[in-house]
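For reference, the structure is listed below as structure tokens.
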Amino acid sequence: MRLCPSRFVAALAAVLLLVSAGVAQDKTPFSRRNPVTEAVRNTKDSIVTIKVPRPNGGKDMIGTGVIVDKSGIIVTNNHVVGKCKSPKVQLADGSLVAGEVIFAEARWDLAAVRIQPKSPLQELKLGSSSDLIVGETVIAIGHPFGYTNTVSTGIISALGRDITVNGDVLAGLVQIDAAINPGNSGGPLLNINGELIGINCALRDEAQNIAFAISANTVNSALANVLGAKRVAGVNHGLECQEIIVAETGDRQRVVLASFKGDVKGDQLKAGDTIRAVGARQVVNVFDVERSLWNAKPGDTVKLTVEREGESLVVELTLGASTGAGSTANAQARDAQPVAVMPMARIVGASQRE
């Protein structure tokens, strides 16, 4: 039996329609998840709101902070806390707790706020800014104009920028083109793996997409300096360390011993040893080394896990005493430079704050 041309065309069209419908049904939708959505999801519980009362009353000034230690240590900007010694901190779950400023330094535009949580907090991994790439994707999270947990993305526009804010030179900043507004100050700058690579601090007034972040290396150095074991616990470990990057992703940061002046039992520490753990804490930066000893006392012995020429060994380090025991842990907040409390440093005209 033969089909006439018109019937043949109709039958062919029906077959093609069925085939195309089957193909459409078999097509797998694209996943809407990507590195940015995962980084935001994985870090949201480490981002807090800093609320600073206005000197003359009224609605609180709003800034952002980042939990860097699960015991309740939060990093933000010096210009966020201003002269306030007791800001309020709102956690990701909405709870509002009292905070205490334990240091505030205009030279870094960094401050640390301590809270007393009921349970350990989720801390944000402090990454390295040593291998940042101009053009790589970055994520900024904060509370611009009070719109909490606002996410913006962009790229690194330049590295090593120096700007002047109220007479203080902030050096080695990361320039970004992500949207930054008042309220973003003190918030995290993340890479697509959710590592903290900077603290957002300033925007260029009368410009578009020119903003700045304090590099993670500066944050790490400041924390290790001001919240070091010498000042918090009054102990001297004798370790002089440096950080290196061994890979682009994953377990990529290392702490390497540069020199040592202290007391150890058994195998001696050697320059070039990689310190992998201090006591029970795995370490990837110098701040980790310091905070691992916050609860130690002079005379205590702590185990160091080190790698040397491909082998792992444990060294027992005896901690010495240091002058100024607990000077930072018990100190009152230092008065900031005499500036108005601002939710975002604005670089105006000849690099001056508004």
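Simple scheme: letters A, B, ... for chains in structure tokens order, numbers from 1 for residues in each chain, numbers from 1 for ligands in the order shown.
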**alpha helix (DSSP H) per DSSP on the backbone: members of range 174-272 of chain A, as a ChimeraX atom specification** = /A:216-226,229-232
Could you build a table of the residues in range 212-263 of chain A lying no more than 8 Å from range 160-179 of chain A, giving for each the nearest pair of atoms and their separation in Å rounded to one decimal place, using only C-alpha atoms, ordered by chain and ascending residue number, as JSON lines?
{"residue": "A:Phe212", "atom": "CA", "partner": "A:Gln175", "partner_atom": "CA", "distance": 4.6}
{"residue": "A:Ala213", "atom": "CA", "partner": "A:Val174", "partner_atom": "CA", "distance": 5.1}
{"residue": "A:Ile214", "atom": "CA", "partner": "A:Leu173", "partner_atom": "CA", "distance": 5.1}
{"residue": "A:Ser215", "atom": "CA", "partner": "A:Leu173", "partner_atom": "CA", "distance": 5.8}
Take the selection from the previous step and output its residues with all heavy atoms, as a PDB file, in the first residue's frame.
ATOM      1  N   PHE A 212      37.597  49.125  47.969  1.00  0.00           N
ATOM      2  CA  PHE A 212      38.849  48.585  48.497  1.00  0.00           C
ATOM      3  C   PHE A 212      38.588  47.661  49.674  1.00  0.00           C
ATOM      4  O   PHE A 212      37.624  47.844  50.431  1.00  0.00           O
ATOM      5  CB  PHE A 212      39.773  49.727  48.931  1.00  0.00           C
ATOM      6  CG  PHE A 212      40.093  50.705  47.841  1.00  0.00           C
ATOM      7  CD1 PHE A 212      39.330  51.843  47.657  1.00  0.00           C
ATOM      8  CD2 PHE A 212      41.151  50.469  46.970  1.00  0.00           C
ATOM      9  CE1 PHE A 212      39.599  52.741  46.648  1.00  0.00           C
ATOM     10  CE2 PHE A 212      41.437  51.361  45.942  1.00  0.00           C
ATOM     11  CZ  PHE A 212      40.661  52.504  45.783  1.00  0.00           C
ATOM     12  N   ALA A 213      39.476  46.693  49.825  1.00  0.00           N
ATOM     13  CA  ALA A 213      39.408  45.760  50.953  1.00  0.00           C
ATOM     14  C   ALA A 213      40.797  45.605  51.553  1.00  0.00           C
ATOM     15  O   ALA A 213      41.811  45.625  50.834  1.00  0.00           O
ATOM     16  CB  ALA A 213      38.881  44.402  50.494  1.00  0.00           C
ATOM     17  N   ILE A 214      40.840  45.470  52.871  1.00  0.00           N
ATOM     18  CA  ILE A 214      42.095  45.182  53.570  1.00  0.00           C
ATOM     19  C   ILE A 214      42.443  43.727  53.294  1.00  0.00           C
ATOM     20  O   ILE A 214      41.613  42.833  53.452  1.00  0.00           O
ATOM     21  CB  ILE A 214      41.932  45.430  55.080  1.00  0.00           C
ATOM     22  CG1 ILE A 214      41.506  46.871  55.329  1.00  0.00           C
ATOM     23  CG2 ILE A 214      43.210  45.103  55.837  1.00  0.00           C
ATOM     24  CD1 ILE A 214      40.906  47.093  56.694  1.00  0.00           C
ATOM     25  N   SER A 215      43.667  43.460  52.886  1.00  0.00           N
ATOM     26  CA  SER A 215      44.044  42.109  52.475  1.00  0.00           C
ATOM     27  C   SER A 215      44.042  41.142  53.645  1.00  0.00           C
ATOM     28  O   SER A 215      44.262  41.521  54.806  1.00  0.00           O
ATOM     29  CB  SER A 215      45.432  42.114  51.823  1.00  0.00           C
ATOM     30  OG  SER A 215      46.443  42.289  52.807  1.00  0.00           O
TER      31      SER A 215
END
Range 99-163 of chain A residues near range 69-76 of chain A within 8 Å, closest pair each, using only C-alpha atoms, as JSON lines:
{"residue": "A:Leu110", "atom": "CA", "partner": "A:Thr76", "partner_atom": "CA", "distance": 5.9}
{"residue": "A:Ala111", "atom": "CA", "partner": "A:Thr76", "partner_atom": "CA", "distance": 5.3}
{"residue": "A:Ala112", "atom": "CA", "partner": "A:Val75", "partner_atom": "CA", "distance": 4.6}
{"residue": "A:Val113", "atom": "CA", "partner": "A:Ile74", "partner_atom": "CA", "distance": 5.0}
{"residue": "A:Arg114", "atom": "CA", "partner": "A:Ile73", "partner_atom": "CA", "distance": 4.7}
{"residue": "A:Ile115", "atom": "CA", "partner": "A:Gly72", "partner_atom": "CA", "distance": 5.0}
{"residue": "A:Gln116", "atom": "CA", "partner": "A:Gly72", "partner_atom": "CA", "distance": 6.0}
{"residue": "A:Pro117", "atom": "CA", "partner": "A:Gly72", "partner_atom": "CA", "distance": 6.2}
{"residue": "A:Pro120", "atom": "CA", "partner": "A:Lys70", "partner_atom": "CA", "distance": 5.1}
{"residue": "A:Leu121", "atom": "CA", "partner": "A:Lys70", "partner_atom": "CA", "distance": 4.3}
{"residue": "A:Gln122", "atom": "CA", "partner": "A:Lys70", "partner_atom": "CA", "distance": 5.7}
{"residue": "A:Glu123", "atom": "CA", "partner": "A:Lys70", "partner_atom": "CA", "distance": 5.2}
{"residue": "A:Leu124", "atom": "CA", "partner": "A:Asp69", "partner_atom": "CA", "distance": 7.7}
What does the file look like for those residues with all heavy atoms, as a CSV table (one decimal), in the first residue's frame?
chain,number,residue,atom,x,y,z
A,110,LEU,N,41.3,48.3,61.4
A,110,LEU,CA,40.8,47.0,61.9
A,110,LEU,C,40.5,47.1,63.4
A,110,LEU,O,41.1,47.9,64.1
A,110,LEU,CB,41.8,45.9,61.7
A,110,LEU,CG,42.1,45.5,60.2
A,110,LEU,CD1,43.3,44.5,60.2
A,110,LEU,CD2,40.8,44.9,59.6
A,111,ALA,N,39.5,46.4,63.7
A,111,ALA,CA,39.1,46.2,65.1
A,111,ALA,C,38.6,44.8,65.4
A,111,ALA,O,38.2,44.1,64.4
A,111,ALA,CB,38.0,47.2,65.5
A,112,ALA,N,38.7,44.4,66.6
A,112,ALA,CA,38.2,43.1,67.0
A,112,ALA,C,37.2,43.2,68.1
A,112,ALA,O,37.4,44.0,69.1
A,112,ALA,CB,39.3,42.1,67.5
A,113,VAL,N,36.1,42.5,68.0
A,113,VAL,CA,35.0,42.6,69.0
A,113,VAL,C,34.9,41.2,69.6
A,113,VAL,O,34.8,40.2,68.8
A,113,VAL,CB,33.7,43.0,68.4
A,113,VAL,CG1,32.5,43.0,69.4
A,113,VAL,CG2,33.8,44.4,67.8
A,114,ARG,N,34.8,41.1,70.9
A,114,ARG,CA,34.6,39.8,71.5
A,114,ARG,C,33.2,39.7,72.1
A,114,ARG,O,32.7,40.6,72.7
A,114,ARG,CB,35.6,39.6,72.6
A,114,ARG,CG,35.5,38.3,73.4
A,114,ARG,CD,36.6,38.1,74.4
A,114,ARG,NE,36.7,39.2,75.3
A,114,ARG,CZ,37.8,39.4,76.1
A,114,ARG,NH1,38.8,38.6,76.0
A,114,ARG,NH2,37.8,40.4,76.9
A,115,ILE,N,32.6,38.5,71.8
A,115,ILE,CA,31.3,38.2,72.4
A,115,ILE,C,31.4,36.9,73.2
A,115,ILE,O,32.4,36.2,73.1
A,115,ILE,CB,30.2,38.1,71.4
A,115,ILE,CG1,30.5,36.9,70.4
A,115,ILE,CG2,30.0,39.4,70.6
A,115,ILE,CD1,29.3,36.6,69.4
A,116,GLN,N,30.4,36.6,74.0
A,116,GLN,CA,30.4,35.4,74.8
A,116,GLN,C,29.3,34.5,74.3
A,116,GLN,O,28.1,34.6,74.8
A,116,GLN,CB,30.2,35.8,76.3
A,116,GLN,CG,31.3,36.7,76.9
A,116,GLN,CD,32.6,36.1,76.9
A,116,GLN,OE1,32.8,34.9,76.9
A,116,GLN,NE2,33.7,36.9,77.0
A,117,PRO,N,29.5,33.7,73.4
A,117,PRO,CA,28.5,32.8,72.8
A,117,PRO,C,28.1,31.7,73.7
A,117,PRO,O,28.9,31.2,74.5
A,117,PRO,CB,29.1,32.3,71.5
A,117,PRO,CG,30.5,32.2,71.8
A,117,PRO,CD,30.8,33.4,72.7
A,120,PRO,N,29.9,27.1,70.6
A,120,PRO,CA,30.9,27.5,69.6
A,120,PRO,C,30.3,28.0,68.3
A,120,PRO,O,29.3,27.5,67.9
A,120,PRO,CB,31.7,26.2,69.4
A,120,PRO,CG,31.6,25.5,70.6
A,120,PRO,CD,30.2,25.8,71.1
A,121,LEU,N,30.9,29.1,67.8
A,121,LEU,CA,30.4,29.7,66.6
A,121,LEU,C,31.0,29.1,65.3
A,121,LEU,O,32.1,28.4,65.4
A,121,LEU,CB,30.6,31.2,66.6
A,121,LEU,CG,30.0,31.9,67.8
A,121,LEU,CD1,30.4,33.4,67.8
A,121,LEU,CD2,28.5,31.9,67.7
A,122,GLN,N,30.5,29.4,64.2
A,122,GLN,CA,31.1,29.0,62.9
A,122,GLN,C,32.1,30.1,62.5
A,122,GLN,O,31.7,31.2,62.2
A,122,GLN,CB,30.1,28.8,61.8
A,122,GLN,CG,30.7,28.4,60.5
A,122,GLN,CD,29.7,28.1,59.4
A,122,GLN,OE1,28.8,27.4,59.6
A,122,GLN,NE2,29.9,28.7,58.2
A,123,GLU,N,33.4,29.8,62.5
A,123,GLU,CA,34.4,30.7,62.1
A,123,GLU,C,34.6,30.6,60.6
A,123,GLU,O,34.5,29.6,60.0
A,123,GLU,CB,35.7,30.5,62.9
A,123,GLU,CG,36.3,29.2,62.7
A,123,GLU,CD,37.5,28.9,63.6
A,123,GLU,OE1,37.4,29.3,64.8
A,123,GLU,OE2,38.5,28.4,63.2
A,124,LEU,N,35.1,31.8,60.0
A,124,LEU,CA,35.3,31.8,58.6
A,124,LEU,C,36.8,31.6,58.4
A,124,LEU,O,37.7,32.3,59.1
A,124,LEU,CB,34.9,33.2,58.0
A,124,LEU,CG,34.9,33.3,56.5
A,124,LEU,CD1,34.2,32.2,55.8
A,124,LEU,CD2,34.3,34.7,56.2
**Item:** Nearby residues (only C-alpha atoms) at most 10 Å from Gln208 in chain A, same-chain spacing under 2 positions excluded, as a list in words
**Value:** Asp177, Ala178, Ala179, Ile180, Leu203, Arg204, Asp205, Glu206, Ile210 and Ala211 of chain A
**Request:** Could you check which of A:Val89, A:Val289, A:Ile245, A:Val36 is closest to Val151 in chain A, using only C-alpha atoms?
**Result:**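 Ranking A:Val89, A:Val289, A:Ile245, A:Val36 by distance to Val151 in chain A, first place goes to A:Val36.
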**Request:** In Å, rounded to a single decimal, give me how far CA of Ser129 in chain A is from CA of Lys51 in chain A.
**Result:**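 Answer for the CA of Lys51 in chain A to CA of Ser129 in chain A separation: 28.3 Å.
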**Request:** Would you list, as a ChimeraX atom specification, the residues of range 140-345 of chain A that end up in strand (DSSP E) under DSSP run on this structure's backbone?
**Result:** /A:140-142,150-165,168-176,188-191,196-204,211-215,235-236,239-245,253-260,263-265,274-278,281-282,301-308,311-318,320-321,345
**Prompt:** Out of A:Ala271, A:Ile50, A:Met61, A:Val284, which residue has the shortest atom-to-atom distance to Val255 in chain A when counting only C-alpha atoms?
**Reply:**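 Ranked by minimum distance to Val255 in chain A, first place goes to A:Val284.
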